[in-house]
Amino acid sequence: ELAPAAACSVDHSEVMVGEPVHVTVAPSNFNPKHPLTYNWSSTGGKIDGKDTGANIDTNGVPGGSYAVTAHVTDPKAKKK
């Protein structure tokens, strides 16, 4: 049995302050019959995540590198 995994991607790896960023996550090896839960977080900007995608508002964010994290869980699985 393969371990559950998730691959993240971002539409722009570099943006100017104020430009929007969209990120997506593609889960794999989860039970296809179970609905998954997605929790998004970011070290900069205002993140608005829903299911497999999230938008980041970069208005007022200082220049630098930031990380976006998608945490995917299967609430029905024994090992979440």
# chains A, B, ... in the order shown; residues from 1 in each chain; ligands from 1
call {"tool": "select_by_dssp", "arguments": {"residues": "chain A", "states": "strand (DSSP E or B)", "output": "MDAnalysis selection string"}}
result
chainID A and resid 5:10 21:28 37:42 46:50 53:57 68:73
call {"tool": "write_last_selection", "arguments": {"atoms": "N, CA, C and O atoms", "output": "compact mmCIF listing (two decimals), in the first residue's frame"}}
result
# COMPACT_ATOMS: atom_id res chain seq x y z
N ALA A 5 0.20 11.02 -0.25
CA ALA A 5 1.15 12.09 -0.57
C ALA A 5 0.39 13.26 -1.18
O ALA A 5 -0.79 13.14 -1.53
N ALA A 6 1.08 14.37 -1.30
CA ALA A 6 0.49 15.55 -1.92
C ALA A 6 1.59 16.33 -2.62
O ALA A 6 2.69 16.49 -2.08
N ALA A 7 1.29 16.79 -3.83
CA ALA A 7 2.24 17.60 -4.60
C ALA A 7 1.66 19.00 -4.75
O ALA A 7 0.51 19.17 -5.16
N CYS A 8 2.47 20.00 -4.40
CA CYS A 8 2.02 21.39 -4.50
C CYS A 8 2.64 22.08 -5.71
O CYS A 8 3.74 21.75 -6.12
N SER A 9 1.91 23.02 -6.27
CA SER A 9 2.45 23.83 -7.36
C SER A 9 1.93 25.25 -7.22
O SER A 9 0.90 25.50 -6.59
N VAL A 10 2.67 26.19 -7.80
CA VAL A 10 2.32 27.60 -7.72
C VAL A 10 2.36 28.17 -9.13
O VAL A 10 3.18 27.77 -9.95
N VAL A 21 -1.19 35.42 -6.26
CA VAL A 21 -0.53 34.13 -6.48
C VAL A 21 -1.58 33.05 -6.24
O VAL A 21 -2.39 33.15 -5.31
N HIS A 22 -1.59 32.02 -7.10
CA HIS A 22 -2.52 30.90 -6.92
C HIS A 22 -1.70 29.63 -6.76
O HIS A 22 -0.80 29.34 -7.54
N VAL A 23 -2.02 28.87 -5.72
CA VAL A 23 -1.34 27.60 -5.47
C VAL A 23 -2.35 26.47 -5.49
O VAL A 23 -3.53 26.66 -5.20
N THR A 24 -1.88 25.29 -5.87
CA THR A 24 -2.75 24.11 -5.91
C THR A 24 -2.03 22.94 -5.27
O THR A 24 -0.80 22.89 -5.21
N VAL A 25 -2.83 21.99 -4.78
CA VAL A 25 -2.28 20.76 -4.24
C VAL A 25 -2.98 19.59 -4.91
O VAL A 25 -4.19 19.64 -5.16
N ALA A 26 -2.21 18.56 -5.24
CA ALA A 26 -2.76 17.36 -5.87
C ALA A 26 -2.47 16.16 -4.96
O ALA A 26 -1.34 15.67 -4.91
N PRO A 27 -3.48 15.71 -4.19
CA PRO A 27 -3.27 14.56 -3.32
C PRO A 27 -3.23 13.26 -4.12
O PRO A 27 -3.85 13.15 -5.18
N SER A 28 -2.47 12.29 -3.62
CA SER A 28 -2.41 10.98 -4.27
C SER A 28 -2.36 9.89 -3.20
O SER A 28 -1.93 10.12 -2.08
N THR A 37 -9.85 16.70 3.79
CA THR A 37 -9.87 18.02 4.42
C THR A 37 -8.57 18.73 4.06
O THR A 37 -7.49 18.13 4.10
N TYR A 38 -8.68 20.00 3.68
CA TYR A 38 -7.52 20.79 3.29
C TYR A 38 -7.37 21.99 4.22
O TYR A 38 -8.32 22.73 4.44
N ASN A 39 -6.16 22.16 4.76
CA ASN A 39 -5.84 23.32 5.59
C ASN A 39 -4.65 24.04 4.96
O ASN A 39 -3.60 23.42 4.74
N TRP A 40 -4.83 25.32 4.67
CA TRP A 40 -3.81 26.12 4.01
C TRP A 40 -3.19 27.11 4.99
O TRP A 40 -3.90 27.67 5.83
N SER A 41 -1.89 27.36 4.84
CA SER A 41 -1.23 28.39 5.63
C SER A 41 -0.12 29.01 4.79
O SER A 41 0.36 28.41 3.82
N SER A 42 0.25 30.23 5.15
CA SER A 42 1.30 30.95 4.44
C SER A 42 2.11 31.78 5.42
O SER A 42 1.56 32.29 6.40
N LYS A 46 -2.05 37.30 2.63
CA LYS A 46 -3.33 36.79 3.13
C LYS A 46 -3.75 35.63 2.23
O LYS A 46 -3.93 35.80 1.03
N ILE A 47 -3.88 34.45 2.83
CA ILE A 47 -4.21 33.26 2.06
C ILE A 47 -5.69 32.92 2.22
O ILE A 47 -6.25 33.01 3.30
N ASP A 48 -6.31 32.58 1.09
CA ASP A 48 -7.71 32.17 1.06
C ASP A 48 -7.77 30.83 0.36
O ASP A 48 -7.72 30.75 -0.87
N GLY A 49 -7.82 29.75 1.15
CA GLY A 49 -7.78 28.41 0.59
C GLY A 49 -9.13 27.73 0.63
O GLY A 49 -9.89 27.88 1.58
N LYS A 50 -9.41 26.99 -0.45
CA LYS A 50 -10.63 26.20 -0.52
C LYS A 50 -10.30 24.93 -1.28
O LYS A 50 -9.87 24.97 -2.42
N GLY A 53 -7.19 24.34 -3.92
CA GLY A 53 -6.57 25.58 -4.40
C GLY A 53 -6.62 26.68 -3.37
O GLY A 53 -7.45 26.68 -2.47
N ALA A 54 -5.69 27.63 -3.52
CA ALA A 54 -5.65 28.77 -2.61
C ALA A 54 -5.12 29.98 -3.36
O ALA A 54 -4.26 29.86 -4.24
N ASN A 55 -5.67 31.14 -3.02
CA ASN A 55 -5.18 32.41 -3.56
C ASN A 55 -4.48 33.16 -2.45
O ASN A 55 -4.93 33.16 -1.31
N ILE A 56 -3.39 33.84 -2.82
CA ILE A 56 -2.63 34.62 -1.85
C ILE A 56 -2.63 36.07 -2.30
O ILE A 56 -2.25 36.39 -3.43
N ASP A 57 -3.07 36.94 -1.39
CA ASP A 57 -3.06 38.38 -1.62
C ASP A 57 -1.74 38.91 -1.10
O ASP A 57 -1.45 38.80 0.09
N VAL A 68 4.25 28.48 1.45
CA VAL A 68 2.83 28.14 1.52
C VAL A 68 2.74 26.65 1.81
O VAL A 68 3.46 25.86 1.20
N THR A 69 1.86 26.29 2.73
CA THR A 69 1.73 24.89 3.11
C THR A 69 0.28 24.43 2.94
O THR A 69 -0.65 25.14 3.34
N ALA A 70 0.12 23.27 2.33
CA ALA A 70 -1.19 22.62 2.25
C ALA A 70 -1.11 21.34 3.08
O ALA A 70 -0.24 20.50 2.85
N HIS A 71 -2.00 21.22 4.05
CA HIS A 71 -2.04 20.02 4.89
C HIS A 71 -3.31 19.26 4.53
O HIS A 71 -4.42 19.75 4.73
N VAL A 72 -3.14 18.07 3.94
CA VAL A 72 -4.27 17.26 3.47
C VAL A 72 -4.47 16.10 4.43
O VAL A 72 -3.52 15.38 4.75
N THR A 73 -5.71 15.93 4.91
CA THR A 73 -6.01 14.82 5.81
C THR A 73 -7.27 14.10 5.36
O THR A 73 -8.13 14.67 4.69
call {"tool": "closest_atom_pairs", "arguments": {"of": "stretch 10-62 of chain A", "to": "stretch 75-78 of chain A", "cutoff": "9 Å", "atoms": "only C-alpha atoms", "output": "tab-separated table"}}
result
residue	atom	partner	partner_atom	distance
A:Asn31	CA	A:Ala77	CA	8.3
A:His34	CA	A:Lys76	CA	6.7
A:Pro35	CA	A:Pro75	CA	7.9
A:Leu36	CA	A:Pro75	CA	6.9
A:Thr37	CA	A:Pro75	CA	7.1
call {"tool": "atom_distance", "arguments": {"atom1": "atom CA of A:Asp11", "atom2": "atom CA of A:Asp51"}}
result
16.6 Å
call {"tool": "decode", "arguments": {"residues": "stretch 8-57 of chain A", "atoms": "C-alpha atoms", "output": "JSON list (two decimals), in the first residue's frame"}}
result
[["chain", "number", "residue", "atom", "x", "y", "z"],
["A", 8, "CYS", "CA", 2.02, 21.39, -4.50],
["A", 9, "SER", "CA", 2.45, 23.83, -7.36],
["A", 10, "VAL", "CA", 2.32, 27.60, -7.72],
["A", 11, "ASP", "CA", 1.38, 29.61, -10.81],
["A", 12, "HIS", "CA", 4.16, 32.21, -10.30],
["A", 13, "SER", "CA", 7.28, 31.56, -8.25],
["A", 14, "GLU", "CA", 8.12, 35.27, -8.25],
["A", 15, "VAL", "CA", 5.69, 38.19, -8.20],
["A", 16, "MET", "CA", 5.76, 41.91, -7.54],
["A", 17, "VAL", "CA", 4.09, 43.14, -4.35],
["A", 18, "GLY", "CA", 0.34, 43.28, -4.91],
["A", 19, "GLU", "CA", 0.23, 40.62, -7.63],
["A", 20, "PRO", "CA", -1.96, 37.63, -6.80],
["A", 21, "VAL", "CA", -0.53, 34.13, -6.48],
["A", 22, "HIS", "CA", -2.52, 30.90, -6.92],
["A", 23, "VAL", "CA", -1.34, 27.60, -5.47],
["A", 24, "THR", "CA", -2.75, 24.11, -5.91],
["A", 25, "VAL", "CA", -2.28, 20.76, -4.24],
["A", 26, "ALA", "CA", -2.76, 17.36, -5.87],
["A", 27, "PRO", "CA", -3.27, 14.56, -3.32],
["A", 28, "SER", "CA", -2.41, 10.98, -4.27],
["A", 29, "ASN", "CA", -2.83, 7.53, -2.72],
["A", 30, "PHE", "CA", -5.77, 8.60, -0.53],
["A", 31, "ASN", "CA", -8.95, 6.51, -0.40],
["A", 32, "PRO", "CA", -11.00, 7.85, -3.34],
["A", 33, "LYS", "CA", -14.24, 7.16, -1.45],
["A", 34, "HIS", "CA", -13.32, 9.49, 1.43],
["A", 35, "PRO", "CA", -13.73, 13.27, 1.33],
["A", 36, "LEU", "CA", -10.47, 15.00, 2.19],
["A", 37, "THR", "CA", -9.87, 18.02, 4.42],
["A", 38, "TYR", "CA", -7.52, 20.79, 3.29],
["A", 39, "ASN", "CA", -5.84, 23.32, 5.59],
["A", 40, "TRP", "CA", -3.81, 26.12, 4.01],
["A", 41, "SER", "CA", -1.23, 28.39, 5.63],
["A", 42, "SER", "CA", 1.30, 30.95, 4.44],
["A", 43, "THR", "CA", 4.26, 32.71, 6.02],
["A", 44, "GLY", "CA", 3.36, 35.92, 4.15],
["A", 45, "GLY", "CA", 0.34, 37.51, 2.53],
["A", 46, "LYS", "CA", -3.33, 36.79, 3.13],
["A", 47, "ILE", "CA", -4.21, 33.26, 2.06],
["A", 48, "ASP", "CA", -7.71, 32.17, 1.06],
["A", 49, "GLY", "CA", -7.78, 28.41, 0.59],
["A", 50, "LYS", "CA", -10.63, 26.20, -0.52],
["A", 51, "ASP", "CA", -10.19, 22.50, -1.22],
["A", 52, "THR", "CA", -7.29, 21.91, -3.63],
["A", 53, "GLY", "CA", -6.57, 25.58, -4.40],
["A", 54, "ALA", "CA", -5.65, 28.77, -2.61],
["A", 55, "ASN", "CA", -5.18, 32.41, -3.56],
["A", 56, "ILE", "CA", -2.63, 34.62, -1.85],
["A", 57, "ASP", "CA", -3.06, 38.38, -1.62]]
